[in-house]
Amino acid sequence: MGYFRNIALVIFMLLVFSTAYAGDDYKCKIIRLSLAEGDSGNIYNMYIKNYIGKEFTVERNSGLMSGALKNSYVTKPQVIDRGSKLNNSYKVVTTMKVEEGAGVGSNIYALNILEYVESPNKPFVFMENEVVYFGSCVHF
C-alpha cells in the first residue's frame with residue numbers, strides 16, 4: 001500500500017510542478033492596433049485584417065520576436081530592461097539605420113511588456129515605426 005501511495009505522491013508532485021512552471025519566454029497575441037495617420041481607411045483595414053488575433057513569441061534573453069510581429073531583419077534587438085515583479089516593464093529596442101538596411105529608410109522597433117502586472121496575462125505595446133500594436137503576453 002505504501003508503494004502505491006509513494007507513486008501517487010510522485011505523480012501528483014510532477015503534475016503540480018509541470019503545470020505551475022512557466023517559462024521565461026513570452027507568447028503574445030495582438031488585440032488592437034493604431035496608426036499615426038489615423039484609425040480608418042484602406043491601410044488601417046489591411047493592418048486589422050493581417051494582424052488582429054495573430055500571435056508572436058519573444059525570446060526573453062535576446063529580445064528576438066518571431067511570428068506575426070518581428071523586430072530583427074538585419075540588426076539585433078537590444079534588451080534594455082528585463083522587467084521585475086515590482087514596477088518595471090520588460091523592454092526591447094531595435095533600430096535599423098538607412099545604411100544597415102535596403103537603403104530606403106530607417107526603422108525603429110520598441111517592445112514594452114508590463115512584467116509587473118499581477119496576472120498571467122501581461123499587457124504589451126509594440127511600436128513599429130508609425131504603427132502601434134497592443135495585446136497581451138503569457139510566459140511559456
# chains A, B, ... in the order shown; residues from 1 in each chain; ligands from 1

$ select_by_dssp --residues "range 5-134 of chain A" --states "helix (DSSP H, G or I)" --output "compact mmCIF listing (two decimals) with N, CA and C atoms, in the first residue's frame"
# COMPACT_ATOMS: atom_id res chain seq x y z
N ARG A 5 1.11 4.53 -2.68
CA ARG A 5 0.95 5.88 -2.16
C ARG A 5 2.13 6.75 -2.58
N ASN A 6 3.33 6.19 -2.51
CA ASN A 6 4.53 6.94 -2.91
C ASN A 6 4.51 7.25 -4.41
N ILE A 7 4.09 6.29 -5.22
CA ILE A 7 3.99 6.53 -6.66
C ILE A 7 2.95 7.61 -6.94
N ALA A 8 1.82 7.52 -6.26
CA ALA A 8 0.77 8.53 -6.44
C ALA A 8 1.28 9.91 -6.03
N LEU A 9 2.06 9.97 -4.96
CA LEU A 9 2.61 11.25 -4.49
C LEU A 9 3.58 11.81 -5.53
N VAL A 10 4.43 10.95 -6.08
CA VAL A 10 5.39 11.40 -7.10
C VAL A 10 4.65 11.92 -8.34
N ILE A 11 3.64 11.20 -8.79
CA ILE A 11 2.86 11.64 -9.95
C ILE A 11 2.18 12.96 -9.66
N PHE A 12 1.60 13.10 -8.48
CA PHE A 12 0.95 14.34 -8.09
C PHE A 12 1.94 15.49 -8.11
N MET A 13 3.13 15.30 -7.54
CA MET A 13 4.14 16.36 -7.49
C MET A 13 4.59 16.75 -8.91
N LEU A 14 4.77 15.76 -9.77
CA LEU A 14 5.16 16.06 -11.15
C LEU A 14 4.09 16.89 -11.85
N LEU A 15 2.83 16.54 -11.65
CA LEU A 15 1.75 17.31 -12.26
C LEU A 15 1.70 18.72 -11.73
N VAL A 16 1.85 18.88 -10.42
CA VAL A 16 1.81 20.22 -9.82
C VAL A 16 2.95 21.07 -10.34
N PHE A 17 4.17 20.52 -10.34
CA PHE A 17 5.31 21.31 -10.78
C PHE A 17 5.29 21.59 -12.27
N SER A 18 4.82 20.65 -13.08
CA SER A 18 4.80 20.88 -14.52
C SER A 18 3.75 21.89 -14.92
N THR A 19 2.61 21.95 -14.23
CA THR A 19 1.60 22.93 -14.58
C THR A 19 1.87 24.28 -13.94
N ALA A 20 2.59 24.30 -12.83
CA ALA A 20 2.88 25.57 -12.16
C ALA A 20 4.08 26.27 -12.81
N ASN A 42 -8.27 52.31 -45.98
CA ASN A 42 -7.82 51.05 -46.55
C ASN A 42 -6.56 50.49 -45.89
N ILE A 43 -5.60 51.35 -45.61
CA ILE A 43 -4.35 50.89 -44.99
C ILE A 43 -4.63 50.35 -43.59
N TYR A 44 -5.42 51.08 -42.83
CA TYR A 44 -5.78 50.63 -41.48
C TYR A 44 -6.52 49.29 -41.55
N ASN A 45 -7.47 49.16 -42.45
CA ASN A 45 -8.22 47.91 -42.59
C ASN A 45 -7.32 46.74 -42.98
N MET A 46 -6.30 47.02 -43.81
CA MET A 46 -5.34 45.99 -44.19
C MET A 46 -4.56 45.51 -42.96
N TYR A 47 -4.12 46.45 -42.11
CA TYR A 47 -3.42 46.08 -40.88
C TYR A 47 -4.32 45.26 -39.96
N ILE A 48 -5.57 45.69 -39.81
CA ILE A 48 -6.52 44.95 -38.95
C ILE A 48 -6.66 43.51 -39.45
N LYS A 49 -6.87 43.35 -40.74
CA LYS A 49 -7.06 42.02 -41.33
C LYS A 49 -5.83 41.13 -41.13
N ASN A 50 -4.64 41.72 -41.28
CA ASN A 50 -3.41 40.93 -41.24
C ASN A 50 -2.84 40.70 -39.84
N TYR A 51 -3.27 41.47 -38.84
CA TYR A 51 -2.61 41.37 -37.53
C TYR A 51 -3.51 41.07 -36.34
N VAL A 98 19.54 53.70 -42.25
CA VAL A 98 19.45 53.58 -43.71
C VAL A 98 20.58 52.70 -44.25
N GLU A 99 21.79 52.94 -43.81
CA GLU A 99 22.94 52.20 -44.34
C GLU A 99 22.99 50.74 -43.88
N GLU A 100 22.17 50.36 -42.89
CA GLU A 100 22.13 48.97 -42.41
C GLU A 100 21.05 48.14 -43.12

$ residues_around --residues "Lys70 in chain A" --least-positions-apart "6" --cutoff "9 Å" --atoms "only C-alpha atoms" --output "PDB file with C-alpha atoms, in the first residue's frame"
ATOM      1  CA  PHE A  56       4.192  36.113 -31.920  1.00  0.00           C
ATOM      2  CA  THR A  57       6.819  34.960 -29.461  1.00  0.00           C
ATOM      3  CA  LEU A  64      14.113  38.407 -30.582  1.00  0.00           C
ATOM      4  CA  TYR A 109      11.024  48.844 -33.128  1.00  0.00           C
TER       5      TYR A 109
END

$ closest_atom_pairs --of "range 50-97 of chain A" --to "range 24-36 of chain A" --cutoff "12 Å" --atoms "only C-alpha atoms" --output "tab-separated table"
residue	atom	partner	partner_atom	distance
A:Asn50	CA	A:Ile30	CA	10.4
A:Tyr51	CA	A:Ile30	CA	6.7
A:Ile52	CA	A:Ile30	CA	5.4
A:Gly53	CA	A:Ile30	CA	5.4
A:Lys54	CA	A:Ile30	CA	5.7
A:Glu55	CA	A:Lys29	CA	4.4
A:Phe56	CA	A:Cys28	CA	5.4
A:Thr57	CA	A:Lys27	CA	4.4
A:Val58	CA	A:Tyr26	CA	5.0
A:Glu59	CA	A:Asp25	CA	5.0
A:Arg60	CA	A:Asp25	CA	4.9
A:Asn61	CA	A:Asp25	CA	7.9
A:Ser62	CA	A:Asp25	CA	9.8
A:Gly63	CA	A:Asp25	CA	9.2
A:Leu64	CA	A:Asp25	CA	10.1
A:Met65	CA	A:Tyr26	CA	9.3
A:Ser66	CA	A:Lys27	CA	9.8
A:Gly67	CA	A:Cys28	CA	9.6
A:Ala68	CA	A:Ile30	CA	8.8
A:Leu69	CA	A:Ile30	CA	9.1
A:Lys70	CA	A:Cys28	CA	11.9
A:Arg82	CA	A:Asp24	CA	10.5
A:Gly83	CA	A:Asp24	CA	11.6
A:Tyr90	CA	A:Tyr26	CA	10.6

$ atom_distance --atom1 "CA of Tyr116 in chain A" --atom2 "CA of Ile80 in chain A"
15.7 Å

$ closest_residue --among "A:Leu111, A:Val117, A:Met127, A:Val74" --to "Met96 in chain A" --atoms "only C-alpha atoms"
A:Val74

$ atom_distance --atom1 "CA of Asn112 in chain A" --atom2 "CA of Asn88 in chain A"
9.8 Å

$ select_by_dssp --residues "chain A" --states "strand (DSSP E)" --output "VMD selection string"
chain A and resid 26 to 35 55 to 58 65 to 67 78 to 82 90 to 96 107 to 113 122 to 128 131 to 139

$ closest_residue --among "A:Asn87, A:Asn71, A:Ser40, A:Gln78" --to "Asn129 in chain A" --atoms "only C-alpha atoms"
A:Asn71

$ closest_residue --among "A:Leu86, A:Val132, A:Thr95, A:Val79" --to "Glu115 in chain A" --atoms "only C-alpha atoms"
A:Leu86

$ closest_residue --among "A:Ser84, A:Tyr73, A:Phe126, A:Gly41" --to "Ala110 in chain A" --atoms "only C-alpha atoms"
A:Phe126

$ closest_residue --among "A:Phe124, A:Glu37, A:Phe140, A:Ser72" --to "Asn107 in chain A" --atoms "only C-alpha atoms"
A:Ser72
